[in-house]
Number of protein chains: 2
Amino acid sequence: MGAGLAIGACARGERRYECGMKIARMTVCLGGFAALLLATATSAQSAAEQAQSDNDPAWSITEDLTTEIGPRMAGTEAEAAARRWAIARLTAMGFVNVREEQFDMPVWVRGAEKAWLTSPYRLQKLAITALGNSASTGPKGMERDIAYFESFDDLVLAPDAEVEGKIVFVDNQMEPSQDGSSYGYYGRGRFTGPNIAAKKGAAAIVIRSIGTDDHRNPHTGVTTFEPGVKPIPAGAISNPDADQLVRQGKRAQSFSSPTPLRMKLILTPQNLGTKQSGNVIAEVPGSDPAATPVIIACHLDSWDLGTGAIDDAAGCGIITAAAKHVTSAGQPRRTIRILWAGAEEVGVFGGKAYFDAHGKEKHAVALESDFGADRVWRVDFKLPDSATSLANRIAAAVMPFGVVRGRQPANGGADIGALVQAGVPAIDLAQDGTRYFDIHHTPDDTLDKIEPVQLRQNVTVWAATLAILANSSDDELP
Amino acid sequence: MGAGLAIGACARGERRYECGMKIARMTVCLGGFAALLLATATSAQSAAEQAQSDNDPAWSITEDLTTEIGPRMAGTEAEAAARRWAIARLTAMGFVNVREEQFDMPVWVRGAEKAWLTSPYRLQKLAITALGNSASTGPKGMERDIAYFESFDDLVLAPDAEVEGKIVFVDNQMEPSQDGSSYGYYGRGRFTGPNIAAKKGAAAIVIRSIGTDDHRNPHTGVTTFEPGVKPIPAGAISNPDADQLVRQGKRAQSFSSPTPLRMKLILTPQNLGTKQSGNVIAEVPGSDPAATPVIIACHLDSWDLGTGAIDDAAGCGIITAAAKHVTSAGQPRRTIRILWAGAEEVGVFGGKAYFDAHGKEKHAVALESDFGADRVWRVDFKLPDSATSLANRIAAAVMPFGVVRGRQPANGGADIGALVQAGVPAIDLAQDGTRYFDIHHTPDDTLDKIEPVQLRQNVTVWAATLAILANSSDDELP
């Protein structure tokens, strides 16, 4: 409700943070009104009211983590510093059983990143970044003809001869979607494009960023090579750079003797071998020690280019603030376990480690926040039949905040994925992803991109949901 | 008229270029309607109709120059390539007396650009770029405490002791304005901030970018040191980086023992000495050889970070398309002289060279387009008393396209500045600058930022104005 209004109130050209702060002040009264509409369990109402007060741990967690630690790449000293920070903060907030659970993982770090076309047009630098798990070109780089593919499927269908020894370019232009579903379709260019190009004998691959913006900040992200496939250098260029390359390619093809584009590519990432990462866990103890816990998750690591504000400091802020508000409204019956997972971005190592350590314990239900800080617009359930009334109560509690009930089963989320696959019930509080991929995995993932009023709506919806879940009966969620 | 409607039609998240193309198609009919409203001289009407046809040299000049040449820094081989390109294009379009007029200038080029804070928080890279005429730190860089100033005026008032041996940071946050007037006020941080810091004994200066966006692309631009003042290294960081530095500084001040921020700064630009640049000039010959010419200007050089689409390929596209449309509507009485000036960005060397070569010739009136590609919203005049009716006719001709008449005298523009100062009459077709400084002097100055419908409105307004000027009598403009 407030969110649409609020966004409209941002003046053109007004910088996002300031505008958000103005709106946050403006909508305190709107939030209070919405809380009155909450005709549900007292605990949910009380938790939601808490979430709309001036006491805003979601913002402070997001601001402090991104300011004091900043980028926190998995397996690096920065991520370790973030864990120390997290333990101190969660302890200071009054959570209990605050601890680090360490695990080992392979660490990949970025090196030099440069690219430019050498023919037929004069040198123009491309804004490029390496994809996680990219091989190195070596410091002298490589210069090769470009093999152009308009789509991911065109690359899949291409005979090896079109690709061998070349730098593959995949011009796969992502469209935005509210539910983020376009990430699955277009994301294939990054997830598996490099593996396919490597198997066909490409020297390297450069993709159009998996992103929906028009800024010269390329989008990184992990790519995966199958066992037995030798990794090749793999990078992403920004949308404006990809547009330029396409225009130049069309001109080169229209020359009287058509000329392939040629690219010089320098990417020098390194594999540092096995290093230590870890999950940070904290709890709100339930009043009934026999009741199965509710687990809520986010991830603490971030890509190295930005400060990881929307991905995923905000998620940690949202779930933790919600747990705090639920606690302030009264001790819940079930224990709430908060998981700030390590090493999500580079392969969900934290989620796997949690499952290895705790997968045999019972969990009542699992939820994750890892899709930015824009408002929750839909709730999806994957619950046992015994929880029909529970789902109805939650849907009714979040409806006044503009959240509709979806028809698809909940997915869970990366860090709770193994739990959900093993049968743990799940609920998705789905966030609006329309602008998420403008910023995702770029240097632009910084605090100013978060609108306080939308962040607060998230906390409100999470607090209302979590209060109901944490006080649900064993008949509903065994 | 169409512009406001058109911008509103862009969906959130829709990439700008595509949206613009959709709107361009949608508003062909609106443009036709507006042309019917043009109750002025036939030649103006005809020229304006031409400008709204599918024949759009403004777009093709902008697209081709930014695609085939790209960045074209003053005094470099890229700018020379742009001149060769310009001569070929202007000749192919049927202009006459197409020529290059060379001049010498001092050339400055960018080197390595890195900065990060070393204390009290762990390493976080800053998005930084050097300002034109910055000195070099040397390849090893320097590490110094930061002297923080909230505003330019605070720096001016600071005693030398606060600044000596430090890296000055000026946190001077630009606000957008439709008429661009905020550039003058906030721009002082860049124009003269480094000179002031150098005189007070600073080791270097870093400023918050003179820009209104929230992307991690810093804004470059020229700075000037007074004769006798030894240049210091001078850079700009992006707005999100400046926000982060401010947050970190506040925390560092609140420590039990307040700690200054410390910065490591590496900027290695070079002065290459005197090199050759040049102006490109083309003409539409008037039917009356005795009549004084109309001069219209843009600049061909660009900063090196982007492809110089809004600054100023679009300006060259707009003025040249307008001249072409006027010619297509019938030979004008006065000669129209087109000046694509060289080396504007780094010190208006082309404008000065034109004045040195042609300042003693008579010019009827001078106009320049160098403020992006968003719509013209205001017309200002600085004309002799004899031209009262002429100004009225122009104001009436452009009014149907949403252009209001201003109350201020026209300024002219950088490249015609010396002419106007020497008394040549001027007209400003002032463009909407609300979002200009989101992009200005950044890597983001690329073709996709131009909305075709707004570019076309510029050409229409220019064609209507130019047709009236080029056919004006000697009684009006001697």
# chains A, B, ... in the order shown; residues from 1 in each chain; ligands from 1
$ interface_residues --of "chain B" --to "chain A" --cutoff "8 Å" --atoms "only C-alpha atoms" --output "MDAnalysis selection string"
chainID B and resid 12:16 67:71 121:122 124 175:176 212:217 240 244 247:248 434:435 438 443:444 446:449
$ residues_around --residues "B:Ile167" --least-positions-apart "6" --cutoff "8 Å" --atoms "only C-alpha atoms" --output "list in words"
Arg144, Asp145, Ile146, Ala147, Ala202, Ala203, Ala204, Ile205, Val206 and Met263 of chain B
$ closest_residue --among "B:Gln421, B:Ser134, B:Ser151, B:Asn279" --to "B:Asp104" --atoms "only C-alpha atoms"
B:Asn279
$ residues_around --residues "stretch 375-378 of chain A" --least-positions-apart "6" --cutoff "8 Å" --atoms "only C-alpha atoms" --output "number ranges by chain"
A: 3, 402-406, 428-432, 454-455, 457-458, 461
$ select_by_dssp --residues "stretch 85-318 of chain A" --states "helix (DSSP H, G or I)" --output "PyMOL selection string"
chain A and resi 85-92+152-157+160-162+181-191+193-199+239-254+309-318
